[in-house]
file structure_3.csv (CSV, C-alpha atoms)
chain,number,residue,atom,x,y,z
X,1,MET,CA,20.7,8.1,-21.1
X,2,PRO,CA,22.9,10.8,-19.5
X,3,ASP,CA,22.4,11.9,-15.9
X,4,VAL,CA,20.7,15.3,-15.6
X,5,THR,CA,22.4,17.8,-13.1
X,6,LYS,CA,21.0,20.7,-11.2
X,7,GLU,CA,23.4,23.0,-13.1
X,8,GLN,CA,22.0,21.9,-16.4
X,9,VAL,CA,18.5,22.7,-15.3
X,10,LEU,CA,19.4,26.1,-14.0
X,11,ALA,CA,21.3,26.9,-17.1
X,12,ARG,CA,18.3,26.1,-19.3
X,13,LEU,CA,16.0,28.1,-16.9
X,14,ARG,CA,18.1,31.2,-17.5
X,15,ASP,CA,16.4,31.3,-20.9
X,16,VAL,CA,12.9,31.6,-19.3
X,17,SER,CA,11.8,35.1,-18.5
X,18,HIS,CA,8.8,37.4,-18.2
X,19,GLU,CA,8.5,41.2,-18.2
X,20,ALA,CA,6.4,41.0,-15.0
X,21,VAL,CA,9.3,39.6,-13.1
X,22,GLY,CA,12.0,41.8,-14.6
X,23,GLY,CA,14.2,39.2,-16.2
X,24,ASP,CA,15.0,35.5,-16.2
X,25,ILE,CA,13.7,33.5,-13.3
X,26,VAL,CA,17.1,32.3,-12.2
X,27,SER,CA,18.7,35.7,-12.0
X,28,GLN,CA,15.7,37.1,-10.2
X,29,GLY,CA,16.0,34.4,-7.5
X,30,LEU,CA,12.6,32.9,-8.2
X,31,VAL,CA,13.6,29.3,-8.6
X,32,SER,CA,13.7,27.0,-5.5
X,33,ASP,CA,16.2,24.2,-4.9
X,34,VAL,CA,16.1,21.9,-7.9
X,35,PHE,CA,15.6,18.2,-7.1
X,36,VAL,CA,16.5,15.6,-9.8
X,37,ALA,CA,15.7,11.9,-9.4
X,38,ASP,CA,15.5,9.1,-12.0
X,39,GLY,CA,15.4,11.7,-14.8
X,40,LYS,CA,12.5,13.6,-13.2
X,41,VAL,CA,13.0,17.2,-12.3
X,42,PHE,CA,11.1,19.0,-9.5
X,43,PHE,CA,11.3,22.7,-8.5
X,44,SER,CA,9.0,25.7,-7.8
X,45,ILE,CA,8.9,29.2,-9.0
X,46,THR,CA,8.0,31.8,-6.4
X,47,VAL,CA,6.0,34.8,-7.6
X,48,PRO,CA,4.0,37.6,-6.0
X,49,ALA,CA,0.5,36.5,-5.1
X,50,ASP,CA,-1.2,39.1,-7.2
X,51,LEU,CA,0.6,37.8,-10.3
X,52,ALA,CA,0.0,34.1,-9.8
X,53,GLN,CA,-2.7,33.7,-12.4
X,54,LYS,CA,-1.0,35.9,-14.9
X,55,LEU,CA,2.3,34.0,-14.7
X,56,GLU,CA,0.9,30.5,-15.3
X,57,PRO,CA,2.3,30.6,-18.9
X,58,LEU,CA,5.7,31.2,-17.3
X,59,ARG,CA,5.4,28.0,-15.3
X,60,LEU,CA,4.4,26.1,-18.5
X,61,GLU,CA,7.4,27.6,-20.4
X,62,ALA,CA,9.8,26.6,-17.6
X,63,GLU,CA,8.4,23.1,-17.6
X,64,GLU,CA,8.8,22.7,-21.4
X,65,ALA,CA,12.3,24.2,-21.2
X,66,VAL,CA,13.4,21.6,-18.7
X,67,LYS,CA,11.7,18.7,-20.6
X,68,SER,CA,13.8,19.6,-23.6
X,69,ILE,CA,17.1,18.8,-21.8
X,70,ASP,CA,18.6,15.5,-23.0
X,71,GLY,CA,18.0,12.9,-20.3
X,72,VAL,CA,14.9,14.5,-18.7
X,73,ARG,CA,12.0,12.1,-18.5
X,74,GLY,CA,9.5,14.5,-17.0
X,75,ALA,CA,9.2,17.7,-14.9
X,76,MET,CA,7.0,18.8,-12.0
X,77,VAL,CA,7.0,22.6,-11.7
X,78,ALA,CA,5.1,24.4,-9.0
X,79,LEU,CA,4.1,28.1,-9.2
X,80,THR,CA,4.2,29.3,-5.6
X,81,ALA,CA,2.5,32.5,-4.7
X,82,GLU,CA,3.8,34.5,-1.8
X,83,LYS,CA,2.7,37.8,-0.3
X,84,LYS,CA,5.1,40.6,-0.3
X,85,PRO,CA,7.1,41.0,3.0
X,86,GLY,CA,5.7,43.8,5.1
X,87,GLY,CA,2.5,44.0,3.1
X,88,LYS,CA,-0.4,45.4,5.0
X,89,SER,CA,-3.9,44.0,4.9
X,90,PRO,CA,-6.6,46.5,3.9
X,91,ALA,CA,-8.4,48.1,6.7
X,92,PRO,CA,-11.8,46.4,7.3
X,93,ALA,CA,-14.9,48.3,6.2
X,94,PRO,CA,-16.8,49.9,9.0
X,95,ARG,CA,-19.7,47.8,10.3
X,96,GLN,CA,-23.2,49.1,9.8
X,97,ALA,CA,-25.5,48.4,12.7
X,98,ALA,CA,-28.6,49.3,10.8
X,99,SER,CA,-28.6,46.4,8.3
X,100,PRO,CA,-26.2,43.4,8.3
X,101,ALA,CA,-24.4,42.6,5.1
X,102,PRO,CA,-26.0,39.8,3.1
X,103,THR,CA,-24.3,36.4,3.4
X,104,GLN,CA,-22.3,35.6,0.2
X,105,PRO,CA,-22.5,32.0,-1.0
X,106,ALA,CA,-19.2,30.1,-0.5
X,107,PRO,CA,-17.4,29.4,-3.8
X,108,SER,CA,-17.7,25.8,-4.9
X,109,LYS,CA,-14.5,23.6,-5.2
X,110,PRO,CA,-14.0,22.1,-8.6
X,111,GLY,CA,-14.0,18.3,-8.6
X,112,VAL,CA,-11.6,16.0,-10.4
X,113,PRO,CA,-12.8,15.2,-13.9
X,114,GLY,CA,-14.4,11.7,-14.1
X,115,VAL,CA,-14.2,11.1,-10.3
X,116,GLY,CA,-17.6,10.8,-8.5
X,117,ALA,CA,-16.4,10.9,-4.9
X,118,ILE,CA,-13.1,11.5,-3.1
X,119,ILE,CA,-12.6,9.8,0.3
X,120,ALA,CA,-9.6,10.6,2.5
X,121,VAL,CA,-8.2,7.9,4.7
X,122,ALA,CA,-6.2,9.6,7.5
X,123,SER,CA,-4.6,9.1,10.9
X,124,GLY,CA,-3.3,11.4,13.5
X,125,LYS,CA,0.1,9.6,13.7
X,126,GLY,CA,2.1,7.1,11.8
X,127,GLY,CA,2.4,3.4,12.5
X,128,VAL,CA,-1.3,2.6,12.9
X,129,GLY,CA,-1.7,0.7,9.6
X,130,LYS,CA,-3.4,3.5,7.7
X,131,SER,CA,-2.0,2.7,4.3
X,132,THR,CA,-2.9,-1.0,4.6
X,133,THR,CA,-6.4,0.0,5.7
X,134,ALA,CA,-6.7,2.4,2.8
X,135,ILE,CA,-5.8,-0.2,0.2
X,136,ASN,CA,-8.1,-2.9,1.6
X,137,LEU,CA,-11.0,-0.3,1.9
X,138,ALA,CA,-10.4,0.6,-1.8
X,139,LEU,CA,-10.7,-3.1,-2.7
X,140,GLY,CA,-13.8,-3.3,-0.4
X,141,PHE,CA,-15.4,-0.5,-2.4
X,142,GLN,CA,-14.5,-2.3,-5.6
X,143,ALA,CA,-16.1,-5.5,-4.3
X,144,THR,CA,-19.5,-3.7,-4.1
X,145,GLY,CA,-19.3,-3.0,-7.8
X,146,LEU,CA,-17.7,0.5,-7.7
X,147,LYS,CA,-14.9,1.7,-10.0
X,148,VAL,CA,-12.1,2.7,-7.7
X,149,GLY,CA,-8.8,4.6,-7.8
X,150,VAL,CA,-6.2,5.2,-5.2
X,151,LEU,CA,-4.0,8.3,-4.7
X,152,ASP,CA,-1.0,7.9,-2.5
X,153,ALA,CA,-0.8,11.4,-1.0
X,154,ASP,CA,2.1,10.6,1.3
X,155,ILE,CA,4.7,12.5,-0.6
X,156,TYR,CA,7.5,11.9,1.9
X,157,GLY,CA,6.9,8.2,2.5
X,158,PRO,CA,4.8,6.6,-0.3
X,159,SER,CA,4.0,3.0,0.5
X,160,VAL,CA,1.2,2.1,-1.9
X,161,PRO,CA,3.5,0.9,-4.7
X,162,ARG,CA,4.9,-1.8,-2.4
X,163,LEU,CA,1.5,-2.6,-0.8
X,164,LEU,CA,0.1,-3.3,-4.3
X,165,ASN,CA,3.4,-4.7,-5.7
X,166,ILE,CA,3.4,-2.2,-8.6
X,167,LYS,CA,6.7,-1.6,-10.5
X,168,GLY,CA,7.5,0.6,-13.4
X,169,LYS,CA,6.8,4.2,-14.3
X,170,PRO,CA,3.5,5.8,-15.4
X,171,GLN,CA,3.3,6.9,-19.1
X,172,GLN,CA,2.2,10.3,-20.4
X,173,VAL,CA,-1.0,10.7,-22.3
X,174,ASP,CA,-1.1,13.5,-25.0
X,175,GLY,CA,2.1,14.9,-23.6
X,176,ARG,CA,0.4,16.3,-20.5
X,177,LEU,CA,-1.6,13.8,-18.4
X,178,LEU,CA,-0.1,10.8,-16.6
X,179,LYS,CA,-1.7,7.5,-17.1
X,180,PRO,CA,-2.2,5.8,-13.7
X,181,MET,CA,-0.7,2.5,-12.9
X,182,GLU,CA,-3.1,-0.5,-12.3
X,183,ALA,CA,-3.3,-3.4,-9.9
X,184,TYR,CA,-6.2,-5.6,-8.9
X,185,GLY,CA,-8.5,-3.5,-11.0
X,186,LEU,CA,-7.6,-0.3,-9.1
X,187,LYS,CA,-6.1,2.8,-10.8
X,188,VAL,CA,-3.2,4.1,-8.8
X,189,MET,CA,-1.0,7.1,-8.6
X,190,SER,CA,1.9,7.7,-6.2
X,191,MET,CA,5.1,9.7,-5.9
X,192,GLY,CA,6.7,6.4,-5.4
X,193,PHE,CA,6.3,5.7,-9.1
X,194,LEU,CA,8.2,8.9,-10.0
X,195,VAL,CA,11.2,8.6,-7.8
X,196,GLY,CA,13.3,5.7,-6.4
X,197,GLU,CA,12.1,3.9,-3.3
X,198,GLU,CA,15.1,5.0,-1.3
X,199,THR,CA,15.2,8.6,-2.7
X,200,PRO,CA,14.4,11.1,0.1
X,201,MET,CA,11.9,13.8,-0.8
X,202,ILE,CA,13.3,16.9,0.9
X,203,TRP,CA,10.5,19.4,0.1
X,204,ARG,CA,8.9,22.4,1.7
X,205,GLY,CA,5.2,22.8,1.9
X,206,PRO,CA,4.5,24.6,-1.4
X,207,MET,CA,6.2,21.7,-3.4
X,208,VAL,CA,4.1,19.2,-1.6
X,209,VAL,CA,0.9,21.2,-2.4
X,210,SER,CA,1.9,21.4,-6.1
X,211,ALA,CA,2.7,17.7,-6.3
X,212,LEU,CA,-0.6,16.7,-4.8
X,213,THR,CA,-2.5,19.1,-7.0
X,214,GLN,CA,-0.8,17.7,-10.2
X,215,MET,CA,-1.3,14.1,-9.1
X,216,LEU,CA,-5.0,14.8,-8.6
X,217,ARG,CA,-5.7,16.9,-11.7
X,218,GLU,CA,-3.0,15.9,-14.2
X,219,VAL,CA,-3.7,12.2,-14.1
X,220,ASP,CA,-6.1,10.5,-16.6
X,221,TRP,CA,-8.3,8.8,-14.0
X,222,GLY,CA,-11.0,7.9,-16.5
X,223,GLN,CA,-14.4,7.3,-15.0
X,224,LEU,CA,-14.3,6.4,-11.3
X,225,ASP,CA,-17.0,6.1,-8.7
X,226,VAL,CA,-14.6,6.8,-5.9
X,227,LEU,CA,-11.0,7.9,-5.4
X,228,VAL,CA,-9.5,6.8,-2.1
X,229,VAL,CA,-6.7,9.1,-0.9
X,230,ASP,CA,-4.1,7.6,1.4
X,231,MET,CA,-3.2,10.7,3.4
X,232,PRO,CA,0.2,11.2,5.2
X,233,PRO,CA,-0.1,11.0,8.9
X,234,GLY,CA,-0.8,14.1,10.9
X,235,THR,CA,-2.5,17.4,10.1
X,236,GLY,CA,-0.3,19.2,7.6
X,237,ASP,CA,-0.1,20.6,4.1
X,238,ALA,CA,-1.5,17.6,2.3
X,239,GLN,CA,-4.7,17.4,4.4
X,240,LEU,CA,-5.3,21.2,4.1
X,241,THR,CA,-4.6,21.2,0.3
X,242,LEU,CA,-7.2,18.5,-0.3
X,243,ALA,CA,-9.8,20.1,2.0
X,244,GLN,CA,-9.2,23.5,0.2
X,245,ARG,CA,-9.0,22.4,-3.4
X,246,VAL,CA,-11.3,19.4,-3.9
X,247,PRO,CA,-14.8,18.6,-2.6
X,248,LEU,CA,-14.0,15.7,-0.3
X,249,ALA,CA,-17.0,13.4,0.2
X,250,GLY,CA,-15.6,12.5,3.6
X,251,ALA,CA,-12.8,11.3,5.7
X,252,VAL,CA,-12.1,7.9,7.4
X,253,ILE,CA,-9.9,8.1,10.5
X,254,VAL,CA,-7.7,5.1,11.4
X,255,SER,CA,-6.4,4.6,15.0
X,256,THR,CA,-5.2,1.9,17.3
X,257,PRO,CA,-7.0,1.4,20.6
X,258,GLN,CA,-4.5,3.0,23.0
X,259,ASP,CA,-4.9,6.4,24.5
X,260,LEU,CA,-1.7,7.9,22.9
X,261,ALA,CA,-2.9,7.1,19.4
X,262,LEU,CA,-6.4,8.3,20.2
X,263,ILE,CA,-5.1,11.7,21.3
X,264,ASP,CA,-3.6,12.1,17.8
X,265,ALA,CA,-6.7,10.7,16.1
X,266,ARG,CA,-8.7,13.5,17.8
X,267,LYS,CA,-6.4,16.1,16.2
X,268,GLY,CA,-7.2,14.6,12.8
X,269,ILE,CA,-10.9,14.5,13.5
X,270,ASN,CA,-10.9,18.1,14.7
X,271,MET,CA,-8.9,19.3,11.7
X,272,PHE,CA,-11.4,17.8,9.2
X,273,ARG,CA,-14.3,19.3,11.2
X,274,LYS,CA,-12.7,22.7,11.1
X,275,VAL,CA,-12.4,22.6,7.3
X,276,ASP,CA,-16.0,21.3,7.0
X,277,VAL,CA,-15.2,17.8,5.7
X,278,PRO,CA,-17.7,15.1,6.8
X,279,LEU,CA,-16.4,12.3,9.0
X,280,LEU,CA,-17.5,9.0,7.5
X,281,GLY,CA,-16.2,7.0,10.5
X,282,LEU,CA,-13.5,5.8,12.8
X,283,ILE,CA,-11.7,2.5,12.4
X,284,GLU,CA,-9.9,0.7,15.3
X,285,ASN,CA,-6.9,-1.1,13.7
X,286,MET,CA,-4.8,-3.7,15.5
X,287,SER,CA,-7.8,-4.0,17.8
X,288,TYR,CA,-7.0,-7.4,19.3
X,289,PHE,CA,-4.7,-10.4,18.7
X,290,ILE,CA,-5.7,-14.1,18.5
X,291,CYS,CA,-2.8,-16.4,19.2
X,292,PRO,CA,-2.4,-18.8,16.2
X,293,SER,CA,-1.2,-21.6,18.4
X,294,CYS,CA,-3.5,-21.5,21.4
X,295,GLY,CA,-6.4,-19.4,20.1
X,296,GLU,CA,-6.3,-17.2,23.2
X,297,ARG,CA,-7.2,-13.5,22.6
X,298,ALA,CA,-4.9,-10.7,23.8
X,299,ASP,CA,-5.7,-7.0,23.7
X,300,ILE,CA,-2.1,-5.9,23.1
X,301,PHE,CA,-2.9,-2.2,22.6
X,302,GLY,CA,-6.0,-2.3,24.7
X,303,HIS,CA,-9.4,-2.6,23.1
X,304,GLY,CA,-12.5,-0.6,22.4
X,305,GLY,CA,-10.8,2.8,22.7
X,306,ALA,CA,-11.7,3.9,19.2
X,307,ARG,CA,-15.3,2.7,19.5
X,308,ASP,CA,-15.7,4.6,22.8
X,309,GLU,CA,-14.1,7.7,21.3
X,310,ALA,CA,-16.5,7.5,18.3
X,311,ALA,CA,-19.5,7.3,20.5
X,312,LYS,CA,-18.2,10.2,22.7
X,313,ILE,CA,-17.7,12.6,19.8
X,314,GLY,CA,-20.6,11.5,17.6
X,315,VAL,CA,-18.6,10.0,14.8
X,316,PRO,CA,-19.7,6.7,13.2
X,317,PHE,CA,-17.7,3.6,14.2
X,318,LEU,CA,-16.9,1.5,11.1
X,319,GLY,CA,-15.3,-1.5,12.8
X,320,GLU,CA,-12.4,-3.4,14.3
X,321,VAL,CA,-9.5,-4.9,12.5
X,322,PRO,CA,-7.4,-7.5,14.4
X,323,LEU,CA,-3.6,-7.6,14.6
X,324,HIS,CA,-3.1,-10.7,12.5
X,325,MET,CA,-0.2,-12.3,10.6
X,326,GLU,CA,-2.3,-12.9,7.4
X,327,ILE,CA,-3.0,-9.2,7.0
X,328,ARG,CA,0.7,-8.2,7.7
X,329,GLU,CA,2.2,-10.9,5.4
X,330,ASN,CA,-0.1,-10.1,2.5
X,331,SER,CA,0.6,-6.4,2.8
X,332,ASP,CA,4.3,-7.0,2.8
X,333,ALA,CA,4.0,-9.2,-0.3
X,334,GLY,CA,1.9,-6.7,-2.2
X,335,THR,CA,-1.2,-9.0,-2.2
X,336,PRO,CA,-3.7,-7.2,0.0
X,337,VAL,CA,-6.0,-9.6,1.9
X,338,VAL,CA,-9.2,-8.4,0.3
X,339,ALA,CA,-7.8,-9.4,-3.1
X,340,SER,CA,-5.8,-12.5,-2.1
X,341,ALA,CA,-8.4,-14.1,0.2
X,342,PRO,CA,-11.7,-12.3,-0.7
X,343,ASP,CA,-13.9,-14.9,1.0
X,344,GLY,CA,-11.9,-14.8,4.3
X,345,ALA,CA,-12.9,-13.4,7.6
X,346,HIS,CA,-10.5,-10.5,7.4
X,347,ALA,CA,-11.6,-9.5,3.9
X,348,ARG,CA,-15.2,-9.5,5.2
X,349,ILE,CA,-14.2,-7.0,7.9
X,350,TYR,CA,-12.8,-4.5,5.3
X,351,LYS,CA,-15.7,-5.1,2.9
X,352,ASP,CA,-18.3,-4.4,5.7
X,353,MET,CA,-16.4,-1.2,6.7
X,354,ALA,CA,-16.2,0.0,3.1
X,355,SER,CA,-20.0,-0.7,2.7
X,356,ALA,CA,-20.7,1.3,5.9
X,357,ALA,CA,-18.5,4.2,4.8
X,358,TRP,CA,-20.2,4.3,1.3
X,359,GLN,CA,-23.6,4.4,2.9
X,360,HIS,CA,-22.5,7.5,4.8
X,361,VAL,CA,-21.3,9.0,1.5
X,362,MET,CA,-24.7,8.3,-0.1
X,363,ALA,CA,-26.6,9.7,2.9
X,364,GLY,CA,-24.6,12.9,2.7
X,365,ARG,CA,-25.5,13.5,-0.9
X,366,ASP,CA,-28.5,15.6,-0.1
X,367,GLY,CA,-27.4,18.7,-2.1
X,368,ALA,CA,-26.3,20.6,0.9
X,369,GLY,CA,-22.6,21.0,0.5
X,370,HIS,CA,-20.2,23.2,2.6
X,371,ALA,CA,-17.1,24.8,1.2
X,372,ALA,CA,-13.9,24.7,3.2
X,373,PRO,CA,-12.5,28.0,4.4
X,374,ALA,CA,-9.8,29.7,2.3
X,375,ILE,CA,-6.3,28.7,3.5
X,376,VAL,CA,-3.4,30.9,2.6
X,377,PHE,CA,0.2,29.6,2.8
X,378,GLU,CA,2.5,32.6,3.6

call {"tool": "encode", "arguments": {"input": "structure_3.csv", "output": "structure tokens"}}
result
Amino acid sequence: MPDVTKEQVLARLRDVSHEAVGGDIVSQGLVSDVFVADGKVFFSITVPADLAQKLEPLRLEAEEAVKSIDGVRGAMVALTAEKKPGGKSPAPAPRQAASPAPTQPAPSKPGVPGVGAIIAVASGKGGVGKSTTAINLALGFQATGLKVGVLDADIYGPSVPRLLNIKGKPQQVDGRLLKPMEAYGLKVMSMGFLVGEETPMIWRGPMVVSALTQMLREVDWGQLDVLVVDMPPGTGDAQLTLAQRVPLAGAVIVSTPQDLALIDARKGINMFRKVDVPLLGLIENMSYFICPSCGERADIFGHGGARDEAAKIGVPFLGEVPLHMEIRENSDAGTPVVASAPDGAHARIYKDMASAAWQHVMAGRDGAGHAAPAIVFE
């Protein structure tokens, strides 16, 4: 199969035009940098915000045009809406002291077809074992009898394919939807399936937003009780996109015990609170170390910091996970401990935390939902 070049893609896109943009999308400077990896093509089309909905057929036409190139195995095209430079916001209407304006109900966020609840697993910083925790929590949910999927939302550093030892590429269903990969009974989608493991994803925010949206809504998830989303570390586009566009049932925050990690964990907690996402609980990972030779315990990163923080800010504390060779070795081998040693002590920890988190999800289903505030990327 011939290698696809950026020049080939741009040449084909010169045939894509719309009267609303005054010509073809390449000549009008609407096409972002084109990224090609493993026969997959990624780019965005920038249009005025007020034309975004009208120009969705333009995005579809560009996607089909690129897919028709010999050697292209798939295309991910974002329609990025931007406000016009120098545009002024309309003047606010004068306030009337006599009678306050009635409160308008917040618009509801559409769910993902077939998915009962979406749970985000997040951390304020990298290196705290968030992805390992997310996978084992997903398997913990499954152990309670739930049908579970996993979305690897870390576009820049996807690790779920390795943690579950999944190889290969997802197939398309009906020419539009992607069929998720599967491992240990979990349905899984990750950017790591679409590009090579060592291929860098050099994307700006709008492309990340589009990729996440497509991996959520253009995947044939089937019927799931819960979709666990392994978030990238920090408080950026991915977190805001999910909070804005889907009704998250809640978020689980992973931290290590030391103060430096807890400072960043607080940022994640505050971010989810600001966008009105319930906090299902805080997990202290690498909480302590038991020497395999002498049995002596060592609190390498301190101990109890996450538990204390949870009590201080009123967030449920889900549990402690030790720093242990078995967990690390199984993660590296793609055989997560809840699947490889389901009756072991470490699997029990994850199962208990999953059970506690799910109880909080069920307790929150009282019919009183809150919509996240509108977030505009300029």

call {"tool": "closest_residue", "arguments": {"input": "structure_3.csv", "among": "X:Ile119, X:Gly129, X:Ala356, X:Ala310", "to": "Ala243 (chain X)", "atoms": "only C-alpha atoms"}}
result
X:Ile119

call {"tool": "atom_distance", "arguments": {"input": "structure_3.csv", "atom1": "CA of Lys351 (chain X)", "atom2": "CA of Glu320 (chain X)"}}
result
12.0 Å

call {"tool": "closest_residue", "arguments": {"input": "structure_3.csv", "among": "X:Leu163, X:Leu194, X:Ile69, X:Ala249", "to": "Thr133 (chain X)", "atoms": "all atoms listed in the file"}}
result
X:Leu163

call {"tool": "residues_around", "arguments": {"input": "structure_3.csv", "residues": "Ala354 (chain X)", "least_positions_apart": "5", "cutoff": "12 Å", "atoms": "all atoms listed in the file", "output": "PyMOL selection string"}}
result
chain X and resi 119+121+133-146+148+226+228+252+280-283+317-319+338+347-349+359-361

call {"tool": "atom_distance", "arguments": {"input": "structure_3.csv", "atom1": "CA of Met231 (chain X)", "atom2": "CA of Leu151 (chain X)"}}
result
8.5 Å

call {"tool": "residues_around", "arguments": {"input": "structure_3.csv", "residues": "Arg59 (chain X)", "least_positions_apart": "3", "cutoff": "10 Å", "atoms": "all atoms listed in the file", "output": "CSV table (one decimal) with C-alpha atoms, in the coordinates of the input"}}
result
chain,number,residue,atom,x,y,z
X,16,VAL,CA,12.9,31.6,-19.3
X,44,SER,CA,9.0,25.7,-7.8
X,45,ILE,CA,8.9,29.2,-9.0
X,52,ALA,CA,0.0,34.1,-9.8
X,55,LEU,CA,2.3,34.0,-14.7
X,56,GLU,CA,0.9,30.5,-15.3
X,62,ALA,CA,9.8,26.6,-17.6
X,63,GLU,CA,8.4,23.1,-17.6
X,64,GLU,CA,8.8,22.7,-21.4
X,65,ALA,CA,12.3,24.2,-21.2
X,76,MET,CA,7.0,18.8,-12.0
X,77,VAL,CA,7.0,22.6,-11.7
X,78,ALA,CA,5.1,24.4,-9.0
X,79,LEU,CA,4.1,28.1,-9.2
X,80,THR,CA,4.2,29.3,-5.6

call {"tool": "atom_distance", "arguments": {"input": "structure_3.csv", "atom1": "CA of Gly111 (chain X)", "atom2": "CA of Pro278 (chain X)"}}
result
16.2 Å

call {"tool": "closest_residue", "arguments": {"input": "structure_3.csv", "among": "X:Val219, X:Val26, X:Met325, X:Val277", "to": "Pro292 (chain X)", "atoms": "all atoms listed in the file"}}
result
X:Met325

call {"tool": "residues_around", "arguments": {"input": "structure_3.csv", "residues": "Val34 (chain X)", "least_positions_apart": "2", "cutoff": "8 Å", "atoms": "all atoms listed in the file", "output": "ChimeraX atom specification"}}
result
/X:6,9,31-32,36,41-43

call {"tool": "write_last_selection", "arguments": {"input": "structure_3.csv", "atoms": "C-alpha atoms", "output": "CSV table (one decimal), in the frame of the given file"}}
result
chain,number,residue,atom,x,y,z
X,6,LYS,CA,21.0,20.7,-11.2
X,9,VAL,CA,18.5,22.7,-15.3
X,31,VAL,CA,13.6,29.3,-8.6
X,32,SER,CA,13.7,27.0,-5.5
X,36,VAL,CA,16.5,15.6,-9.8
X,41,VAL,CA,13.0,17.2,-12.3
X,42,PHE,CA,11.1,19.0,-9.5
X,43,PHE,CA,11.3,22.7,-8.5

call {"tool": "closest_residue", "arguments": {"input": "structure_3.csv", "among": "X:Gly268, X:Gly29, X:Gly250, X:Pro161", "to": "Thr335 (chain X)", "atoms": "only C-alpha atoms"}}
result
X:Pro161

call {"tool": "closest_residue", "arguments": {"input": "structure_3.csv", "among": "X:Val254, X:Val321, X:Leu177, X:Leu164", "to": "Gly192 (chain X)", "atoms": "only C-alpha atoms"}}
result
X:Leu164

call {"tool": "closest_residue", "arguments": {"input": "structure_3.csv", "among": "X:Gly222, X:Val112, X:Pro232, X:Gly127", "to": "Pro158 (chain X)", "atoms": "only C-alpha atoms"}}
result
X:Pro232

call {"tool": "residues_near_point", "arguments": {"input": "structure_3.csv", "point": "(-4.6, 8.2, -15.6)", "cutoff": "6 Å", "atoms": "only C-alpha atoms", "output": "JSON, numbers by chain"}}
result
{"X": [178, 179, 180, 219, 220, 221]}

call {"tool": "residues_around", "arguments": {"input": "structure_3.csv", "residues": "Arg328 (chain X)", "least_positions_apart": "4", "cutoff": "10 Å", "atoms": "only C-alpha atoms", "output": "ChimeraX atom specification"}}
result
/X:129,132,323-324,332-333,336-337

call {"tool": "write_last_selection", "arguments": {"input": "structure_3.csv", "atoms": "C-alpha atoms", "output": "compact mmCIF listing (two decimals), keeping the file's coordinate frame"}}
result
# COMPACT_ATOMS: atom_id res chain seq x y z
CA GLY X 129 -1.70 0.70 9.60
CA THR X 132 -2.90 -1.00 4.60
CA LEU X 323 -3.60 -7.60 14.60
CA HIS X 324 -3.10 -10.70 12.50
CA ASP X 332 4.30 -7.00 2.80
CA ALA X 333 4.00 -9.20 -0.30
CA PRO X 336 -3.70 -7.20 0.00
CA VAL X 337 -6.00 -9.60 1.90
